[in-house]
Every structure is written in C-alpha cells, then in structure tokens.
Amino acid sequence: MITITTTEALAAFCERAREHPYVTVDTEFLRERTYYAKLCLIQLAVPGDDRNDAVLVDPIEGSEMSLEPLYDLFRDDSVVKVFHAARQDLEIFFVEGGVIPAPLFDTQVAAMVCDFGEQVGYETLVRKIAKASVDKSSRFTDWSRRPLSDAQKLYALADVTHLRDIYEYLSKRLERTGRKPWVEEEMAVLRAPETYKVDPDHAWKRVKVRTNAPKFLALVRELARFREAHAQERNIPRNRVFKDDALLELASTKPKSERDLGKSRLLLREARKGAIAEGILKAVDAGLNCPPEDMPQVPPARDRSAMNTALADLLRVMLKAKAEEVGIAQKLIATASDLDDIALGQRDGLALQGWRGEVFGHDALRLCDGKLALSCDGNAVKIIEI
C-alpha cells in the first residue's frame with residue numbers, strides 16, 4: 001500500500017493518472033466537531049492491477065503537502081473523475097480548493113437509472129457488480145488519528161479499487177441503453193457551485209416552524225443568519241451555537257438583555273453571555289425592527305382539495321409500473337408532489353419534461369388535460385375518452 005505525503009509524490013501520481021480515461025476518488029473525513037468537514041484521507045485509483053495504481057493521500061501525515069496537483073487533475077477534462085455518493089466529497093474539495101471535479105461520474109446516480117433502486121449503497125454495488133465483499137470492521141474509524149493500521153488502509157483503498165469495476169460496468173450499460181444523458185442531467189446539481197455554498201441569509205429556510213407569521217419569521221431569519229455566520233466564522237457546528245428548539249424559543253420570547261437570556265430553558269450556558277449573547281440580542285433587535293416589506297414571506301401551500309385522488313393514485317400505479325418496466329428509480333422520473341400537481345391539472349414548471357416525460361408516457365400526462373377520465377368497471381379501473 002502506497003501512502004502519499006509529499007507534493008512531489010502526489011504530482012507524480014496525478015501526472016500518471018492523466019494517461020488513463022478515468023480515476024476513482026473517495027475521501028475520509030470528520031465533521032462532528034466542526035462546521036466544515038476535516039479532510040483526513042483521500043483515496044485514488046486508476047485502471048490496473050499494479051500496486052501503484054491505487055494510493056492513499058494523507059493530508060495529516062503530509063501536513064506540508066499541497067493538494068494543488070490533485071486539483072489540477074480535477075480540472076483536466078480528459079480524465080473522468082468517478083465517485084460514489086459524491087456530494088460530501090465534492091463539498092470538501094470545493095471548500096478546500098475551490099474546485100469541482102469534471103467530468104464527473106457518480107455511480108450512485110448511475111445505478112439509479114440502471115435498475116439498482118434508489119440511493120443504492122456502495123457495498124451493494126460491490127457485491128452485485130464486482131462480486132466481492134467489503135470488510136466493515138473499520139467503518140467507524142476516527143480517521144483523524146495516526147498512525148493508521150493496515151486494516152484501516154485496506155478498508156479505505158477498497159472504496160476506490162472496487163469502484164473501478166462498478167464504473168466500467170455502469171458506463172458500458174449506460175452507453176448500451178442510451179441513458180448517459182439522463183445521468184448527466186441528474187448530476188447537474190452536483191456540478192453547481194451553489195450546491196456547496198451555505199448563505200446565512202437563507203439559513204432560516206431549514207428551520208421547521210409552526211407558523212408562517214411574517215413577524216415571527218423575521219426573528220427566525222435574523223437568529224438563523226447570526227447562528228450560521230458565527231458557526232462558519234469559528235468553524236464549529238451550528239448546534240454548538242444554539243439548537244433549533246432554542247432558536248424558536250428565542251424568536252417567541254424576544255429577549256432584550258443578557259438577563260432575559262438567562263431565563264431561557266433551552267439555550268446553552270455559554271450562549272448566555274459573550275459573543276453569542278451579543279449576537280442573539282442584535283438579531284432579535286433586527287427582527288423586531290424589520291420593515292414589513294422586508295419580512296420573509298412563505299408561499300401559501302397549494303390547495304389540493306380539488307385534486308382527483310383516484311387519478312393521483314392511478315398515476316402512482318402507472319409510475320411504479322413504468323419505472324419497473326424501464327429499470328429506473330421512481331423518484332428520478334417524478335415525485336409524489338409532481339403526480340399530485342398533474343392530478344390537479346397543473347403542468348407548468350413540472351420536472352416531467354425531456355426524458356422524464358418520454359419515460360412516464362404521454363398518455364399519463366394527457367390525463368390532466370381534460371381529455372381522459374377514469375371509469376370503474378368492477379374491480380378494474382379504466383381510462384376512457386371524454
């Protein structure tokens with residue numbers, strides 16, 4: 001097993017990787033105690049059986065090592081970068097190096113259009129495609145601790161060595177079925193920098209509230225904005241600043257002083273004074289003094305009272321049957337919300353365009369146009385023209 005700890009060794013491997021059509025990539029990281037993930041290990045492999053074809057890159061042992069050679073490889077359009085369930089890995093590289101690997105191939109996404117179900121795990125693909133098994137003994141390793149044992153290194157390398165077989169199988173199958181563009185479309189979100197940017201101004205949208213009153217939402221927005229910015233600046237988990245239940249309590253009680261903060265049932269002790277307390281009080285003041293025109297507005301929930309539930313149920317049956325017929329995960333074609341919108345006759349903005357519409361079928365989409373209706377004949381449900 002080769003472990004790279006110097007910039008020169010990393011540059012040499014990356015230069016050799018450019019001679020191959022693809023490189024498989026995985027990472028090990030920790031983020032329980034930080035806002036941003038702490039990169040602990042990078043695994044890389046190129047096609048081949050030589051011991052030099054799969055390596056570990058250790059940024060902890062190689063604390064002086066620059067990852068720029070790897071980022072240059074990520075920018076090389078001639079080499080496909082292969083991941084499994086890539087989102088968290090890509091977030092690390094975007095935050096650390098400001099780069100998103102391209103071209104990009106996510107085997108989890110590809111497996112969803114190749115009849116392996118929704119969000120299929122790596123171990124399942126290893127078993128079904130590579131005809132191998134993964135040693136799970138090192139799954140809960142603290143990857144920040146050194147030295148790493150041989151068992152840990154073997155476990156980490158297995159995440160990219162079997163990935164080669166999985167990629168080659170899925171890639172060929174996509175070419176054969178003509179579904180490669182489907183995967184490209186699904187991965188557009190993974191390639192978008194916006195996916196990995198957390199804007200404190202929008203942090204409030206992740207907080208589950210029981211009321212959509214604009215005044216209350218203004219307080220939630222300001223408190224969530226402060227919490228997110230504070231957590232980012234100090235690289236600590238947002239829950240270490242204060243949790244969602246404490247945020248909602250603060251938005252309800254509207255504290256005006258540190259004394260008021262001391263009465264909170266849910267606020268952590270360290271948040272009742274110092275920088276966090278100061279930030280909370282400023283956020284509450286900003287929320288209370290927010291002009292009405294600047295208060296958050298939540299779009300009203302779509303009225304589904306007029307929805308034809310029988311039609312919606314039929315669409316679900318049709319989706320399930322069609323997904324099984326073509327071997328693709330249902331959610332890649334349409335969500336339950338999409339089907340409800342179709343049953344309401346509302347087509348604008350739906351995702352069922354392009355290949356999704358073709359797969360689901362024009363007859364299904366015509367159901368919402370007033371041209372077809374449902375008819376019950378005994379135990380059978382028929383589609384009839386009207």
# chains A, B, ... in the order shown; residues from 1 in each chain; ligands from 1
$ select_by_dssp --residues "stretch 11-131 of chain A" --states "strand (DSSP E)" --output "number ranges by chain"
A: 22-30, 38-45, 54-57, 80-83, 104-106
$ closest_atom_pairs --of "stretch 45-106 of chain A" --to "stretch 133-152 of chain A" --cutoff "10 Å" --atoms "only C-alpha atoms" --output "tab-separated table"
residue	atom	partner	partner_atom	distance
A:Pro59	CA	A:Ser144	CA	9.9
A:Ile60	CA	A:Ser144	CA	7.5
A:Glu61	CA	A:Arg146	CA	7.9
$ closest_residue --among "A:Asn212, A:Ser63, A:Thr195, A:Thr24" --to "A:Gln297" --atoms "only C-alpha atoms"
A:Asn212
$ atom_distance --atom1 "atom CA of A:Met65" --atom2 "atom CA of A:Thr5"
6.3 Å
$ closest_residue --among "A:Val160, A:Cys290, A:Ala277, A:Val109" --to "A:Arg259" --atoms "only C-alpha atoms"
A:Ala277
$ residues_around --residues "A:Leu268" --least-positions-apart "5" --cutoff "12 Å" --atoms "only C-alpha atoms" --output "list in words"
Asn239, Arg240, Val241, Phe242, Lys243, Asp244, Asp245, Ala246, Leu247, Leu261, Gly262, Lys263, Lys273, Ile276 and Ala277 of chain A
$ closest_residue --among "A:Leu41, A:Ala286, A:Ala275, A:Leu170" --to "A:Ala251" --atoms "only C-alpha atoms"
A:Ala286
$ residues_around --residues "A:Glu68" --least-positions-apart "3" --cutoff "8 Å" --atoms "only C-alpha atoms" --output "JSON, numbers by chain"
{"A": [71, 72, 97]}
$ write_last_selection --atoms "N, CA, C and O atoms" --output "CSV table (one decimal), in the first residue's frame"
chain,number,residue,atom,x,y,z
A,71,TYR,N,-6.0,19.0,-7.6
A,71,TYR,CA,-6.9,19.9,-8.1
A,71,TYR,C,-6.7,20.2,-9.6
A,71,TYR,O,-7.7,20.3,-10.3
A,72,ASP,N,-5.5,20.2,-10.0
A,72,ASP,CA,-5.2,20.3,-11.4
A,72,ASP,C,-5.7,19.1,-12.2
A,72,ASP,O,-6.3,19.2,-13.3
A,97,GLY,N,-10.4,23.7,-2.0
A,97,GLY,CA,-9.6,24.1,-3.1
A,97,GLY,C,-10.4,24.9,-4.1
A,97,GLY,O,-9.8,25.3,-5.2
$ atom_distance --atom1 "atom CA of A:Arg269" --atom2 "atom CA of A:Lys205"
25.9 Å
$ select_by_dssp --residues "stretch 192-230 of chain A" --states "helix (DSSP H, G or I)" --output "MDAnalysis selection string"
chainID A and resid 193:196 200:206 214:230
$ atom_distance --atom1 "atom CA of A:Arg191" --atom2 "atom CA of A:Gly178"
21.5 Å
$ residues_around --residues "A:Gly279" --least-positions-apart "6" --cutoff "9 Å" --atoms "only C-alpha atoms" --output "ChimeraX atom specification"
/A:223,226-227,230
$ write_last_selection --atoms "N, CA, C and O atoms" --output "PDB file, in the first residue's frame"
ATOM      1  N   LEU A 223     -32.063  35.344  13.610  1.00  0.00           N
ATOM      2  CA  LEU A 223     -31.369  34.439  14.534  1.00  0.00           C
ATOM      3  C   LEU A 223     -30.621  33.349  13.765  1.00  0.00           C
ATOM      4  O   LEU A 223     -29.479  33.011  14.101  1.00  0.00           O
ATOM      5  N   PHE A 226     -27.494  34.903  12.091  1.00  0.00           N
ATOM      6  CA  PHE A 226     -26.381  35.072  13.030  1.00  0.00           C
ATOM      7  C   PHE A 226     -25.734  33.738  13.364  1.00  0.00           C
ATOM      8  O   PHE A 226     -24.505  33.601  13.362  1.00  0.00           O
ATOM      9  N   ARG A 227     -26.559  32.730  13.660  1.00  0.00           N
ATOM     10  CA  ARG A 227     -26.019  31.417  14.032  1.00  0.00           C
ATOM     11  C   ARG A 227     -25.145  30.843  12.929  1.00  0.00           C
ATOM     12  O   ARG A 227     -24.042  30.333  13.203  1.00  0.00           O
ATOM     13  N   HIS A 230     -21.860  32.860  12.546  1.00  0.00           N
ATOM     14  CA  HIS A 230     -20.991  32.624  13.702  1.00  0.00           C
ATOM     15  C   HIS A 230     -20.345  31.242  13.608  1.00  0.00           C
ATOM     16  O   HIS A 230     -19.144  31.091  13.869  1.00  0.00           O
TER      17      HIS A 230
END
$ residues_around --residues "A:Ser66" --least-positions-apart "3" --cutoff "8 Å" --atoms "only C-alpha atoms" --output "list of chain:residue names"
A:Thr6, A:Thr7, A:Pro69
$ residues_around --residues "A:Ala224" --least-positions-apart "4" --cutoff "9 Å" --atoms "only C-alpha atoms" --output "ChimeraX atom specification"
/A:200-205,207,219-220,228-229,244,247,283
$ write_last_selection --atoms "C-alpha atoms" --output "PDB file, in the first residue's frame"
ATOM      1  CA  PRO A 200     -26.522  32.702   6.125  1.00  0.00           C
ATOM      2  CA  ASP A 201     -29.281  34.837   4.614  1.00  0.00           C
ATOM      3  CA  HIS A 202     -31.144  31.660   3.617  1.00  0.00           C
ATOM      4  CA  ALA A 203     -30.365  29.560   6.712  1.00  0.00           C
ATOM      5  CA  TRP A 204     -33.833  30.233   8.191  1.00  0.00           C
ATOM      6  CA  LYS A 205     -35.462  28.180   5.451  1.00  0.00           C
ATOM      7  CA  VAL A 207     -35.740  25.726  10.401  1.00  0.00           C
ATOM      8  CA  LEU A 219     -36.987  36.902  14.037  1.00  0.00           C
ATOM      9  CA  VAL A 220     -36.242  33.339  12.913  1.00  0.00           C
ATOM     10  CA  GLU A 228     -24.869  30.338  10.560  1.00  0.00           C
ATOM     11  CA  ALA A 229     -22.360  33.179  10.185  1.00  0.00           C
ATOM     12  CA  ASP A 244     -33.278  24.876  16.511  1.00  0.00           C
ATOM     13  CA  LEU A 247     -33.814  29.419  18.222  1.00  0.00           C
ATOM     14  CA  ALA A 283     -30.515  39.524  15.846  1.00  0.00           C
TER      15      ALA A 283
END
$ closest_residue --among "A:Ser78, A:Gln108, A:Thr161, A:Ser171" --to "A:Val46" --atoms "only C-alpha atoms"
A:Thr161
$ closest_residue --among "A:Thr3, A:Arg127, A:Glu8, A:Met187" --to "A:Phe83" --atoms "only C-alpha atoms"
A:Met187
